[in-house]
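Participant: Okay, here's the structure, questions in a sec.
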Amino acid sequence: VPGDMVFYRNISSEVNHDYLRMYVDDVQVGQWSGLSQWLPVTISLEDTGEHTFRWTYSKDNSIDTGADCAWIDFISFPGEEPTPVPIIALSDESLDFSSTAVGGTATAEVTVYNYGSLVLTGSITTPDGFTIDLPGETLRPNDGERTPMRDTYTFEVLPLDYLTFTLIFQPTQLMDYSGDVVFTTNDPYAPDLSLEVVAQLMDVDNHDNLPCVTN
């Protein structure tokens, strides 16, 4: 039956070197590498009759990156309804706030995508020094009151939609604030997804440990 064949793929490999490839009737129709989250892929089939679908993972012999593998799931063929699931993806994998001064404020916008066909629901937990703010009532602290001083926030994203919030960093002392912003959701394949935040603050006025140059 002509139509769309849909599957979801997840890659954790060396970019531009180690590939997940897909073939339809021995003809390559796509290849992917690097670090990604679960994302949908749609392949249009115009011919009737039988087709052979094949996926391979191939790599070079130099560098291993990430898990050095790929996953596929939620395969649906023309005439079938795709498996109804929420699929989370984030706009960033890591953010660096290390240049922020004590007593200062740094912000970054983060987007949560839902590529699935069900509503994505869950919570976001921030490490010390980080809070979340988003105008409106879509993202709200768990106590039901909208205050940016809570550590955990609940949210929901409609199918094929997205939610953008502001991550706020306000350090109060010199220390390493690095950690993870954790997204706990109803996505069956990514129930706990992390966004790394790097925030190792240093005293730029302390010259005790700097090398001494003499004639």
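Each chain in the structure tokens gets a letter, A, B and so on, in the order shown; residues start at 1 in every chain, and ligands are counted from 1 in the order they appear.
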For the interface of stretch 56-76 of chain A with stretch 18-35 of chain A (cut-off 6 Å, counting only C-alpha atoms), please tabulate each contacting residue of stretch 56-76 of chain A alongside its nearest pair of atoms and their separation in Å to one decimal, rows sorted by chain and increasing number, as JSON lines.

Facilitator:
{"residue": "A:Thr56", "atom": "CA", "partner": "A:Arg21", "partner_atom": "CA", "distance": 5.3}
{"residue": "A:Tyr57", "atom": "CA", "partner": "A:Leu20", "partner_atom": "CA", "distance": 4.5}
{"residue": "A:Ser58", "atom": "CA", "partner": "A:Tyr19", "partner_atom": "CA", "distance": 5.5}
{"residue": "A:Lys59", "atom": "CA", "partner": "A:Asp18", "partner_atom": "CA", "distance": 4.1}

Participant: May I have the residues within 6 Å of stretch 106-118 of chain A as a ChimeraX atom specification, using only C-alpha atoms and disregarding those fewer than 5 positions away in the same chain?

Facilitator: /A:84-91,159-169

Participant: Write out as a count of residues only the set of residues from stretch 3-189 of chain A that DSSP, computed on the backbone, places in strand (DSSP E).

Facilitator: 92

Participant: Report as JSON, numbers by chain all protein, DNA and RNA residues lying within 10 Å of A:Glu80, evaluated on only C-alpha atoms, omitting residues in the same chain fewer than 5 positions from it.

Facilitator: {"A": [3, 4, 5, 6, 75]}

Participant: Any idea what the distance is between atom CA of A:Val41 and atom CA of A:Pro78?

Facilitator: 13.5 Å

Participant: Atom CA of A:Thr154 to atom CA of A:Ala190: how many Å, to one decimal?

Facilitator: 16.4 Å

Participant: Excluding stretch 171-187 of chain A and any residue of its chain fewer than 3 positions from it, enumerate the residues within 6 Å of it, using only C-alpha atoms, and give them as a ChimeraX atom specification.

Facilitator: /A:86-87,102-103,121-126,129,190-201
